>>> print(open('query.txt').read())   # compact mmCIF, C-alpha atoms
# COMPACT_ATOMS: atom_id res chain seq x y z
CA MET O 1 -13.05 19.39 -32.30
CA HIS O 2 -11.75 18.49 -28.85
CA PRO O 3 -11.57 14.87 -27.74
CA ASN O 4 -13.81 14.16 -24.72
CA GLU O 5 -12.32 14.15 -21.21
CA GLU O 6 -12.52 10.37 -20.84
CA THR O 7 -10.46 9.91 -24.00
CA LEU O 8 -7.90 12.42 -22.75
CA ASN O 9 -7.84 10.58 -19.43
CA ALA O 10 -7.15 7.28 -21.19
CA TYR O 11 -4.45 9.00 -23.25
CA ALA O 12 -2.91 10.44 -20.07
CA ASP O 13 -2.68 7.08 -18.32
CA GLY O 14 -1.51 5.21 -21.42
CA SER O 15 -4.55 2.97 -21.77
CA LEU O 16 -5.64 4.33 -25.14
CA PRO O 17 -4.94 2.05 -28.16
CA ALA O 18 -1.84 3.14 -30.12
CA ASN O 19 -3.68 4.34 -33.25
CA GLU O 20 -6.04 6.54 -31.21
CA ALA O 21 -3.21 7.76 -29.01
CA ALA O 22 -1.29 9.03 -32.03
CA GLU O 23 -4.30 11.06 -33.11
CA ILE O 24 -4.78 12.53 -29.63
CA GLU O 25 -1.09 13.29 -29.41
CA ARG O 26 -1.31 15.45 -32.54
CA HIS O 27 -4.32 17.29 -31.13
CA VAL O 28 -2.78 17.82 -27.71
CA ALA O 29 0.38 19.27 -29.28
CA SER O 30 -1.63 22.13 -30.70
CA CYS O 31 -4.43 22.56 -28.11
CA VAL O 32 -3.55 24.37 -24.89
CA SER O 33 -6.67 23.42 -22.90
CA CYS O 34 -6.45 19.68 -23.73
CA ARG O 35 -2.70 19.68 -23.02
CA GLN O 36 -3.41 21.31 -19.67
CA LEU O 37 -5.89 18.58 -18.76
CA VAL O 38 -3.48 15.83 -19.82
CA ASP O 39 -0.62 17.45 -17.88
CA ASP O 40 -2.80 17.75 -14.76
CA LEU O 41 -3.97 14.14 -14.95
CA ARG O 42 -0.41 12.91 -15.39
CA GLU O 43 0.69 15.01 -12.43
CA ILE O 44 -2.06 13.43 -10.30
CA LEU O 45 -0.99 9.95 -11.43
CA ARG O 46 2.64 10.72 -10.65
CA ALA O 47 1.79 12.13 -7.22
CA ALA O 48 -0.55 9.20 -6.42
CA GLY O 49 2.23 6.73 -7.11
CA ASP O 50 4.58 8.77 -4.96
CA LEU O 51 2.46 9.10 -1.83
CA ASP O 52 4.21 8.40 1.46
CA LEU O 53 3.29 5.81 4.02
CA GLN O 54 1.89 7.24 7.23
CA ASP O 55 2.88 6.01 10.65
CA PRO O 56 -0.03 5.17 12.94
CA PRO O 57 -0.16 7.11 16.22
CA ALA O 58 1.80 5.60 19.10
CA ARG O 59 -1.40 4.76 20.97
CA ALA O 60 -2.46 2.36 18.21
CA TRP O 61 -0.14 -0.42 19.34
CA MET O 62 -1.11 0.15 22.96
CA ARG O 63 -4.75 -0.45 22.06
CA ILE O 64 -3.92 -3.59 20.09
CA GLU O 65 -1.64 -4.96 22.78
CA ARG O 66 -4.28 -4.55 25.41
CA ALA O 67 -6.93 -6.06 23.18
CA ILE O 68 -4.73 -9.10 22.67
CA GLN O 69 -4.23 -9.41 26.39
CA LEU O 70 -7.98 -9.31 26.83
CA GLU O 71 -8.38 -11.98 24.17
CA GLN O 72 -5.90 -14.11 25.99
CA GLU O 73 -7.84 -13.69 29.17
CA GLY O 74 -10.81 -14.90 27.20
CA ALA O 75 -13.37 -12.36 28.31
CA ARG O 76 -13.15 -8.81 27.07
CA ALA O 77 -15.84 -7.46 29.33
CA GLU O 78 -14.34 -9.03 32.44
CA GLY O 79 -10.97 -7.67 31.39
CA ALA O 80 -12.37 -4.18 31.09
CA ARG O 81 -13.78 -4.36 34.63
CA GLU O 82 -10.39 -5.51 35.92
CA GLY O 83 -8.89 -2.59 34.00
CA ALA O 84 -11.11 -0.13 35.80
CA ARG O 85 -10.10 -1.59 39.16
CA ALA O 86 -6.45 -1.44 38.16
CA VAL O 87 -6.75 2.24 37.27
CA GLN O 88 -8.22 2.97 40.69
CA ALA O 89 -5.45 0.95 42.34
CA GLY O 90 -2.87 2.86 40.30
CA GLU O 91 -4.39 6.12 41.43
CA ARG O 92 -4.16 5.08 45.09
CA ASP O 93 -0.48 4.23 44.59
CA LEU O 94 0.21 7.61 43.07
CA VAL O 95 -1.64 9.52 45.77
CA SER O 96 0.21 7.65 48.49
CA GLY O 97 3.57 8.27 46.83
CA HIS O 98 4.11 4.68 45.75
CA GLY O 99 4.48 3.57 42.20
CA HIS O 100 7.59 5.56 41.23
CA GLY O 101 11.11 4.36 40.52
CA PRO O 102 12.37 1.30 38.68
CA ALA O 103 10.56 -1.20 40.88
CA ALA O 104 7.27 0.31 39.80
CA ALA O 105 7.92 0.00 36.07
CA GLY O 106 5.69 -3.05 35.72
CA ARG O 107 2.91 -1.37 37.61
CA TYR O 108 3.00 1.65 35.27
CA GLY O 109 2.69 -0.69 32.35
CA ARG O 110 -0.31 -2.33 33.92
CA TRP O 111 -2.29 0.76 34.77
CA LEU O 112 -1.46 2.58 31.59
CA ALA O 113 -2.63 -0.47 29.70
CA ALA O 114 -5.69 -0.56 31.93
CA ALA O 115 -6.66 2.86 30.65
CA ALA O 116 -6.44 1.54 27.13
CA ALA O 117 -8.74 -1.30 28.17
CA LEU O 118 -11.34 1.19 29.28
CA VAL O 119 -11.25 2.86 25.93
CA LEU O 120 -11.19 -0.43 24.10
CA ALA O 121 -14.30 -1.58 25.86
CA THR O 122 -16.10 1.56 24.87
CA VAL O 123 -14.86 3.10 21.65
CA VAL O 124 -14.12 -0.12 19.82
CA GLY O 125 -16.78 -2.23 21.44
CA LEU O 126 -19.58 0.23 21.16
CA ARG O 127 -19.02 1.87 17.76
CA TYR O 128 -22.04 4.05 18.34
CA ALA O 129 -23.44 5.74 15.28
CA PRO O 130 -26.65 7.75 15.32
CA GLY O 131 -29.41 6.03 13.46
CA ARG O 132 -27.56 2.72 13.44
CA SER O 133 -29.63 0.99 16.08
CA GLN O 134 -32.43 0.05 13.74
CA VAL O 135 -30.07 -1.03 10.98
CA ALA O 136 -27.89 -3.09 13.28
CA ALA O 137 -30.73 -4.88 15.05
CA PRO O 138 -30.67 -8.66 14.64
CA ALA O 139 -32.92 -9.95 11.89
CA SER O 140 -35.15 -11.84 14.29
CA GLN O 141 -35.75 -8.71 16.34
CA ALA O 142 -36.47 -6.81 13.19
CA ARG O 143 -39.01 -9.42 12.08
CA ASP O 144 -40.70 -9.70 15.46
CA GLY O 145 -40.82 -6.17 16.63
CA ALA O 146 -39.63 -3.50 14.26
CA ALA O 147 -42.70 -3.60 12.07
CA GLN O 148 -44.87 -2.56 15.01
CA ALA O 149 -42.47 -0.11 16.57
CA SER O 150 -43.79 3.40 16.59
CA ALA O 151 -41.70 6.37 15.55
CA GLY O 152 -41.76 7.50 19.16
CA ASP O 153 -40.30 4.21 20.35
CA ALA O 154 -37.56 4.42 17.76
CA ALA O 155 -36.66 7.95 18.81
CA GLN O 156 -36.62 6.87 22.45
CA SER O 157 -34.38 3.95 21.54
CA VAL O 158 -31.89 6.22 19.77
CA GLU O 159 -31.90 8.58 22.73
CA ASN O 160 -31.28 5.71 25.12
CA GLU O 161 -28.47 4.46 22.95
CA LEU O 162 -26.93 7.91 22.86
CA ARG O 163 -27.16 8.19 26.62
CA GLN O 164 -25.47 4.79 27.05
CA ALA O 165 -22.76 5.72 24.58
CA GLU O 166 -22.23 9.02 26.38
CA ALA O 167 -21.85 7.21 29.70
CA HIS O 168 -19.28 4.82 28.22
CA TYR O 169 -17.28 7.61 26.65
CA GLU O 170 -17.38 9.64 29.84
CA ASN O 171 -16.13 6.66 31.84
CA ALA O 172 -13.29 6.15 29.43
CA ILE O 173 -12.43 9.84 29.52
CA LYS O 174 -12.51 9.85 33.32
CA GLY O 175 -10.08 6.92 33.54
CA LEU O 176 -7.68 8.50 31.08
CA GLU O 177 -7.94 11.91 32.74
CA GLN O 178 -7.03 10.41 36.10
CA ILE O 179 -3.79 9.12 34.66
CA ALA O 180 -3.04 12.20 32.57
CA ASN O 181 -3.67 14.55 35.50
CA ALA O 182 -1.67 12.45 37.97
CA GLU O 183 1.29 12.45 35.61
CA GLN O 184 1.16 16.06 34.38
CA ASN O 185 4.52 16.72 36.05
CA ALA O 186 6.12 14.13 33.78
CA LEU O 187 5.47 16.45 30.85
CA ASP O 188 7.42 19.56 30.05
CA PRO O 189 5.43 22.77 30.67
CA ARG O 190 5.05 23.66 26.99
CA THR O 191 3.68 20.23 26.09
CA ALA O 192 1.36 20.32 29.10
CA ALA O 193 0.15 23.77 28.00
CA THR O 194 -0.48 22.51 24.44
CA LEU O 195 -2.48 19.61 25.82
CA GLN O 196 -4.50 21.86 28.07
CA LYS O 197 -5.23 24.21 25.19
CA ASN O 198 -6.35 21.34 22.95
CA LEU O 199 -8.49 19.83 25.69
CA ALA O 200 -10.15 23.20 26.34
CA VAL O 201 -11.06 23.47 22.65
CA ILE O 202 -12.54 19.96 22.66
CA ASP O 203 -14.44 20.57 25.91
CA GLN O 204 -15.94 23.69 24.37
CA ALA O 205 -16.99 21.67 21.31
CA ILE O 206 -18.56 19.01 23.57
CA SER O 207 -20.50 21.72 25.42
CA GLU O 208 -21.75 23.14 22.14
CA SER O 209 -22.81 19.68 20.90
CA ARG O 210 -24.70 19.08 24.14
CA ALA O 211 -26.43 22.43 23.83
CA ALA O 212 -27.44 21.56 20.27
CA ILE O 213 -28.87 18.22 21.41
CA ARG O 214 -30.79 19.92 24.22
CA SER O 215 -32.47 22.24 21.74
CA GLN O 216 -32.96 19.48 19.11
CA PRO O 217 -32.82 16.07 20.81
CA ALA O 218 -33.49 14.13 17.57
CA SER O 219 -30.89 15.95 15.49
CA GLU O 220 -28.61 13.32 13.98
CA PRO O 221 -25.82 15.79 13.07
CA ALA O 222 -25.81 17.04 16.68
CA GLN O 223 -25.63 13.47 18.01
CA GLN O 224 -22.87 12.62 15.56
CA SER O 225 -20.99 15.76 16.49
CA LEU O 226 -21.13 14.92 20.20
CA ILE O 227 -19.80 11.40 19.58
CA GLU O 228 -17.05 12.70 17.28
CA ASN O 229 -16.00 15.21 19.93
CA PHE O 230 -15.88 12.45 22.56
CA LYS O 231 -13.72 10.39 20.23
CA THR O 232 -11.42 13.35 19.63
CA LYS O 233 -11.02 13.88 23.36
CA ILE O 234 -10.31 10.21 23.95
CA ALA O 235 -7.73 10.21 21.14
CA LEU O 236 -5.98 13.20 22.69
CA LEU O 237 -5.98 11.62 26.13
CA GLN O 238 -4.70 8.37 24.63
CA ASP O 239 -1.87 10.34 23.03
CA THR O 240 -1.11 11.87 26.41
CA VAL O 241 -0.98 8.47 28.08
CA ALA O 242 1.14 7.09 25.21
CA LEU O 243 3.48 10.07 25.62
CA ILE O 244 3.85 9.43 29.34
CA ASN O 245 4.50 5.79 28.54
CA GLU O 246 7.23 6.63 26.01
CA MET O 247 8.87 9.01 28.48
CA ARG O 248 8.84 6.35 31.17
CA LYS O 249 10.51 3.96 28.74
CA GLY O 250 13.09 6.64 27.87
CA ASN O 251 12.07 6.51 24.21
CA GLU O 252 12.81 10.10 23.24
CA ALA O 253 12.16 9.55 19.54
CA GLY O 254 8.74 8.03 20.26
CA ALA O 255 7.88 10.87 22.64
CA ALA O 256 9.00 13.48 20.09
CA ARG O 257 6.75 11.92 17.43
CA ILE O 258 3.74 12.13 19.73
CA VAL O 259 4.52 15.72 20.77
CA SER O 260 4.85 16.69 17.13
CA GLY O 261 1.42 15.17 16.43
CA LEU O 262 -0.10 17.02 19.39
CA LYS O 263 1.26 20.34 18.14
CA GLN O 264 -0.08 19.73 14.66
CA LYS O 265 -3.52 19.00 16.08
CA GLY O 266 -3.33 22.17 18.13
CA ASN O 267 -2.61 24.37 15.11
CA MET V 1 10.71 -21.69 17.15
CA ASP V 2 10.37 -19.44 14.08
CA PHE V 3 8.93 -15.97 14.16
CA VAL V 4 5.45 -16.82 12.91
CA ALA V 5 5.24 -19.80 15.26
CA ARG V 6 6.07 -17.48 18.17
CA CYS V 7 3.25 -15.17 17.10
CA ARG V 8 0.90 -18.13 16.85
CA ALA V 9 1.92 -19.27 20.30
CA GLY V 10 0.72 -15.96 21.72
CA ASP V 11 4.13 -14.27 22.04
CA VAL V 12 3.06 -10.62 22.15
CA GLU V 13 6.63 -9.40 21.71
CA ALA V 14 6.92 -11.28 18.42
CA PHE V 15 3.53 -9.96 17.37
CA GLU V 16 4.67 -6.41 18.17
CA THR V 17 7.64 -6.93 15.83
CA LEU V 18 5.20 -8.01 13.13
CA TYR V 19 3.11 -4.91 13.86
CA ARG V 20 6.09 -2.53 13.74
CA GLU V 21 7.14 -3.94 10.39
CA HIS V 22 3.77 -3.72 8.66
CA ALA V 23 1.63 -1.18 10.55
CA ALA V 24 2.50 1.86 8.44
CA ARG V 25 1.55 0.20 5.16
CA LEU V 26 -1.72 -1.19 6.51
CA TYR V 27 -2.62 1.99 8.40
CA THR V 28 -2.04 4.04 5.25
CA LEU V 29 -4.23 1.69 3.22
CA ALA V 30 -6.97 1.75 5.87
CA CYS V 31 -6.95 5.55 6.15
CA ARG V 32 -7.16 6.01 2.40
CA MET V 33 -9.88 3.41 1.93
CA ALA V 34 -11.92 4.75 4.85
CA GLY V 35 -11.26 8.39 4.00
CA SER V 36 -10.31 9.41 7.54
CA ARG V 37 -7.46 8.81 9.98
CA GLU V 38 -9.84 8.12 12.85
CA ASP V 39 -11.57 5.30 11.00
CA GLY V 40 -8.19 4.14 9.69
CA GLU V 41 -6.93 3.75 13.24
CA ASP V 42 -9.97 1.72 14.26
CA LEU V 43 -9.56 -0.45 11.17
CA LEU V 44 -5.87 -0.98 11.93
CA GLN V 45 -6.75 -2.28 15.37
CA GLU V 46 -9.38 -4.62 13.96
CA ILE V 47 -6.99 -5.83 11.25
CA PHE V 48 -4.27 -6.76 13.73
CA LEU V 49 -6.73 -8.37 16.10
CA GLN V 50 -8.06 -10.43 13.23
CA ALA V 51 -4.51 -11.29 12.19
CA TYR V 52 -3.78 -12.42 15.73
CA ARG V 53 -6.84 -14.65 15.70
CA LYS V 54 -6.19 -16.04 12.22
CA LEU V 55 -2.44 -16.60 12.37
CA GLY V 56 -3.18 -20.28 12.80
CA SER V 57 -4.56 -20.36 9.26
CA PHE V 58 -1.39 -18.85 7.76
CA LYS V 59 0.13 -21.69 5.76
CA GLY V 60 3.26 -19.92 4.58
CA ASP V 61 2.26 -20.13 0.89
CA SER V 62 3.04 -16.43 0.62
CA SER V 63 5.08 -14.07 2.78
CA ILE V 64 3.52 -13.02 6.05
CA GLY V 65 3.46 -9.45 4.68
CA THR V 66 1.39 -10.51 1.67
CA TRP V 67 -0.95 -12.47 3.91
CA LEU V 68 -1.40 -9.48 6.21
CA TYR V 69 -1.97 -7.11 3.29
CA ARG V 70 -4.64 -9.39 1.86
CA LEU V 71 -6.34 -9.66 5.23
CA ALA V 72 -6.20 -5.88 5.67
CA LEU V 73 -7.55 -5.26 2.19
CA ASN V 74 -10.47 -7.65 2.75
CA HIS V 75 -11.23 -6.01 6.07
CA CYS V 76 -11.18 -2.53 4.49
CA LEU V 77 -13.43 -3.76 1.67
CA ASP V 78 -15.90 -5.23 4.18
CA TYR V 79 -15.95 -1.88 5.95
CA VAL V 80 -16.45 0.01 2.69
CA ARG V 81 -19.26 -2.32 1.60
CA SER V 82 -21.10 -2.10 4.91
CA ARG V 83 -20.85 1.67 4.86
CA ARG V 84 -21.86 1.95 1.22
CA ALA V 85 -25.50 1.07 1.80
CA LYS V 86 -25.83 3.81 4.40
CA MET V 87 -24.06 6.32 2.21
CA ASN V 88 -25.76 5.43 -1.07
CA LYS V 89 -28.05 8.38 -1.08
CA LEU V 90 -25.28 10.84 -0.36
CA THR V 91 -23.01 9.25 -2.96
CA GLU V 92 -25.66 9.56 -5.60
CA THR V 93 -25.98 13.23 -4.79
CA LEU V 94 -22.25 13.77 -4.98
CA ASP V 95 -21.85 11.65 -8.08
CA ALA V 96 -24.54 13.66 -9.80
CA ASP V 97 -22.28 16.67 -9.46
CA THR V 98 -20.16 16.10 -12.54
CA SER V 99 -19.41 19.73 -13.20
CA PHE V 100 -15.80 20.51 -12.49
CA GLU V 101 -15.30 24.12 -11.65
CA PRO V 102 -12.92 25.96 -13.92
CA THR V 103 -10.01 27.18 -11.87
CA ALA V 104 -6.69 28.87 -12.19
CA ARG V 105 -3.84 26.83 -13.62
CA ARG V 106 -1.63 25.08 -11.13
CA ASP V 107 2.02 25.42 -12.09
CA THR V 108 3.69 23.74 -9.14
CA PRO V 109 3.95 19.97 -8.55
CA ILE V 110 1.26 18.52 -6.31
CA ALA V 111 2.44 18.28 -2.72
CA ARG V 112 1.91 14.85 -1.18
CA MET V 113 -0.06 16.21 1.76
CA ASP V 114 -2.33 18.19 -0.56
CA LEU V 115 -3.13 15.06 -2.53
CA GLU V 116 -3.60 13.04 0.66
CA ARG V 117 -6.16 15.54 1.93
CA ALA V 118 -7.86 15.75 -1.44
CA VAL V 119 -8.22 11.95 -1.56
CA GLU V 120 -9.97 12.08 1.83
CA ARG V 121 -12.52 14.45 0.27
CA LEU V 122 -13.41 12.14 -2.61
CA PRO V 123 -16.90 10.64 -2.50
CA GLU V 124 -17.45 7.03 -1.51
CA GLY V 125 -17.10 4.76 -4.51
CA CYS V 126 -14.66 6.69 -6.59
CA ARG V 127 -12.22 7.08 -3.67
CA GLU V 128 -11.82 3.33 -3.18
CA ALA V 129 -11.43 2.73 -6.90
CA PHE V 130 -8.81 5.49 -7.13
CA VAL V 131 -6.86 4.22 -4.11
CA LEU V 132 -6.86 0.65 -5.37
CA HIS V 133 -5.97 1.54 -8.98
CA ASP V 134 -3.78 4.64 -8.88
CA VAL V 135 -2.20 4.27 -5.45
CA GLU V 136 -2.12 0.54 -4.74
CA GLY V 137 -1.51 -0.43 -8.36
CA PHE V 138 -4.30 -2.94 -9.04
CA ASP V 139 -5.57 -3.08 -12.62
CA HIS V 140 -9.21 -2.36 -13.44
CA LYS V 141 -10.14 -6.03 -13.63
CA GLU V 142 -8.74 -6.59 -10.13
CA VAL V 143 -10.39 -3.45 -8.77
CA ALA V 144 -13.70 -4.60 -10.24
CA GLY V 145 -13.32 -7.98 -8.54
CA LEU V 146 -12.35 -6.45 -5.20
CA LEU V 147 -15.16 -3.91 -5.14
CA GLY V 148 -17.79 -6.13 -6.73
CA ILE V 149 -18.37 -3.77 -9.64
CA ALA V 150 -18.04 -4.01 -13.42
CA GLU V 151 -14.68 -3.28 -15.00
CA GLY V 152 -16.20 -0.36 -16.89
CA THR V 153 -17.50 1.05 -13.60
CA SER V 154 -14.01 0.87 -12.15
CA LYS V 155 -12.68 2.86 -15.11
CA SER V 156 -15.38 5.49 -14.85
CA GLN V 157 -14.96 5.79 -11.05
CA VAL V 158 -11.21 6.27 -11.36
CA PHE V 159 -11.78 8.86 -14.10
CA LYS V 160 -14.31 10.64 -11.90
CA ALA V 161 -11.88 10.60 -8.97
CA ARG V 162 -9.04 12.06 -11.03
CA MET V 163 -11.26 14.84 -12.35
CA LYS V 164 -12.51 15.68 -8.87
CA LEU V 165 -8.96 15.67 -7.53
CA ARG V 166 -7.97 18.01 -10.32
CA GLY V 167 -10.74 20.36 -9.28
CA PHE V 168 -9.78 20.17 -5.57
CA LEU V 169 -6.07 20.62 -6.18
CA ARG V 170 -6.32 23.49 -8.62
CA ARG V 171 -8.44 25.43 -6.19
CA GLN V 172 -5.69 25.35 -3.54
>>> encode(input="query.txt", output="structure tokens")
Amino acid sequence: MHPNEETLNAYADGSLPANEAAEIERHVASCVSCRQLVDDLREILRAAGDLDLQDPPARAWMRIERAIQLEQEGARAEGAREGARAVQAGERDLVSGHGHGPAAAGRYGRWLAAAAALVLATVVGLRYAPGRSQVAAPASQARDGAAQASAGDAAQSVENELRQAEAHYENAIKGLEQIANAEQNALDPRTAATLQKNLAVIDQAISESRAAIRSQPASEPAQQSLIENFKTKIALLQDTVALINEMRKGNEAGAARIVSGLKQKGN
Amino acid sequence: MDFVARCRAGDVEAFETLYREHAARLYTLACRMAGSREDGEDLLQEIFLQAYRKLGSFKGDSSIGTWLYRLALNHCLDYVRSRRAKMNKLTETLDADTSFEPTARRDTPIARMDLERAVERLPEGCREAFVLHDVEGFDHKEVAGLLGIAEGTSKSQVFKARMKLRGFLRRQ
């Protein structure tokens, strides 16, 4: 008779008492299927202990750095508004031909960081999730109003929340696109082409999500899909801005890491 | 002024050094606990922001790395707990599926990326227990304490995770 799988699992990870382990060992020596299970479990244990660390994407520090700056300024929302103005100012500099060369290095840092602020104020601050509005409502609101709220009101509330989230994501995307488009010539043609290809795929996915929501406005999977696609687009644009930043700093290794990530995402 | 004091004083350059030194370990933990790189990245940002805010409470009883890891782990556990309620129904459905499909024998060693992807596919509950026990090296008593479950539940969740991983990996 075969030992059960939990016993074989305990034998495989060495947690079985010695007297039981000896018995299982004798069985496993002569039973192909049990030996196969033990071998597989040990291989999983070995591989789990051998997993590599993963480096976060380059944009991760940029987001944290900007968030800290906003903390230091004491008002995240005010900081985000300043960020938006800084992006526009940066754009004007680029259009007028200013903002290049060593003297402009500080300015680049500011408006690239400003783009991160836009995203920070939306993606991190908002954390939209379909169906979350009712769950996340303060307890007092829930006590006072939720009991009487009709299903129609709730649906309207979710739709409103989705619309607001969409507006925030679109603003963030617009700010990042302004920078990415203005600095396209800083990228080599193949990287620019990869980015364009990836963006086209995401834009198509956004269009499809929107179409799905139009036909089924209350569909939670469709809402979730739209938000996920926005987040994907923002992540790609953040990578682009981080890449431009690394190239400005002359950090070839950092730029190569980002390009490698972009290519993997494109495959 | 020492390194931690510079961080506490709001020196962003010093804080970036701290980030560069520890980000990979914490990001990896966050991704595995959350089950996705996107959520892992958001968690990493929240962890370092929290660290920045709480550096004043770091007494130096342990290394700064240990302090950061503990903070990150608690943050990931908070995230997991808050998501668990929402996911309970789905988890029950997935957990009910205890049949492991018979598959062809796998003769090659498991590639790290294959295992990484398979871990992402594990259901809520058993993924966290597996990551904490088999990857991070906590014992079942510690896992039980961290996740707020019984020690026996930790054992059964890790067993379940290993069996599911076996099924995923042998299908590849």
>>> interface_residues(input="query.txt", of="chain O", to="chain V", cutoff="7 Å", atoms="all atoms listed in the file", output="mmCIF file with C-alpha atoms, keeping the file's coordinate frame")
data_model
loop_
_atom_site.group_PDB
_atom_site.id
_atom_site.type_symbol
_atom_site.label_atom_id
_atom_site.label_comp_id
_atom_site.auth_asym_id
_atom_site.auth_seq_id
_atom_site.Cartn_x
_atom_site.Cartn_y
_atom_site.Cartn_z
ATOM 1 C CA GLU O 6 -12.520 10.370 -20.840
ATOM 2 C CA ASN O 9 -7.840 10.580 -19.430
ATOM 3 C CA ASP O 40 -2.800 17.750 -14.760
ATOM 4 C CA LEU O 41 -3.970 14.140 -14.950
ATOM 5 C CA LEU O 45 -0.990 9.950 -11.430
ATOM 6 C CA ALA O 47 1.790 12.130 -7.220
ATOM 7 C CA ALA O 48 -0.550 9.200 -6.420
ATOM 8 C CA GLY O 49 2.230 6.730 -7.110
ATOM 9 C CA LEU O 51 2.460 9.100 -1.830
ATOM 10 C CA LEU O 53 3.290 5.810 4.020
ATOM 11 C CA GLN O 54 1.890 7.240 7.230
ATOM 12 C CA ASP O 55 2.880 6.010 10.650
ATOM 13 C CA PRO O 56 -0.030 5.170 12.940
ATOM 14 C CA ALA O 60 -2.460 2.360 18.210
ATOM 15 C CA ILE O 64 -3.920 -3.590 20.090
ATOM 16 C CA ILE O 68 -4.730 -9.100 22.670
#
>>> atom_distance(input="query.txt", atom1="atom CA of Thr7 of chain O", atom2="atom CA of Glu120 of chain V")
25.9 Å
>>> atom_distance(input="query.txt", atom1="atom CA of Ala5 of chain V", atom2="atom CA of Pro57 of chain O")
27.5 Å
>>> build_atoms(input="query.txt", residues="segment 171-186 of chain O", atoms="N, CA and C atoms", output="compact mmCIF listing (two decimals), in the frame of the given file")
# COMPACT_ATOMS: atom_id res chain seq x y z
N ASN O 171 -16.93 7.53 30.97
CA ASN O 171 -16.13 6.66 31.84
C ASN O 171 -14.71 6.52 31.33
N ALA O 172 -14.61 6.30 30.02
CA ALA O 172 -13.29 6.15 29.43
C ALA O 172 -12.47 7.42 29.61
N ILE O 173 -13.13 8.55 29.39
CA ILE O 173 -12.43 9.84 29.52
C ILE O 173 -11.97 10.04 30.96
N LYS O 174 -12.85 9.68 31.90
CA LYS O 174 -12.51 9.85 33.32
C LYS O 174 -11.26 9.04 33.68
N GLY O 175 -11.23 7.78 33.24
CA GLY O 175 -10.08 6.92 33.54
C GLY O 175 -8.79 7.49 32.96
N LEU O 176 -8.88 7.95 31.72
CA LEU O 176 -7.68 8.50 31.08
C LEU O 176 -7.27 9.82 31.73
N GLU O 177 -8.26 10.63 32.09
CA GLU O 177 -7.94 11.91 32.74
C GLU O 177 -7.24 11.71 34.08
N GLN O 178 -7.67 10.67 34.80
CA GLN O 178 -7.03 10.41 36.10
C GLN O 178 -5.54 10.20 35.90
N ILE O 179 -5.19 9.40 34.91
CA ILE O 179 -3.79 9.12 34.66
C ILE O 179 -3.07 10.37 34.15
N ALA O 180 -3.69 11.03 33.17
CA ALA O 180 -3.04 12.20 32.57
C ALA O 180 -2.81 13.29 33.63
N ASN O 181 -3.81 13.51 34.48
CA ASN O 181 -3.67 14.55 35.50
C ASN O 181 -2.62 14.17 36.54
N ALA O 182 -2.62 12.90 36.95
CA ALA O 182 -1.67 12.45 37.97
C ALA O 182 -0.24 12.56 37.48
N GLU O 183 -0.06 12.48 36.16
CA GLU O 183 1.29 12.45 35.61
C GLU O 183 1.64 13.73 34.86
N GLN O 184 0.88 14.79 35.08
CA GLN O 184 1.16 16.06 34.38
C GLN O 184 2.60 16.50 34.58
N ASN O 185 3.15 16.24 35.79
CA ASN O 185 4.52 16.72 36.05
C ASN O 185 5.58 15.96 35.26
N ALA O 186 5.16 14.86 34.63
CA ALA O 186 6.12 14.13 33.78
C ALA O 186 6.30 14.83 32.44
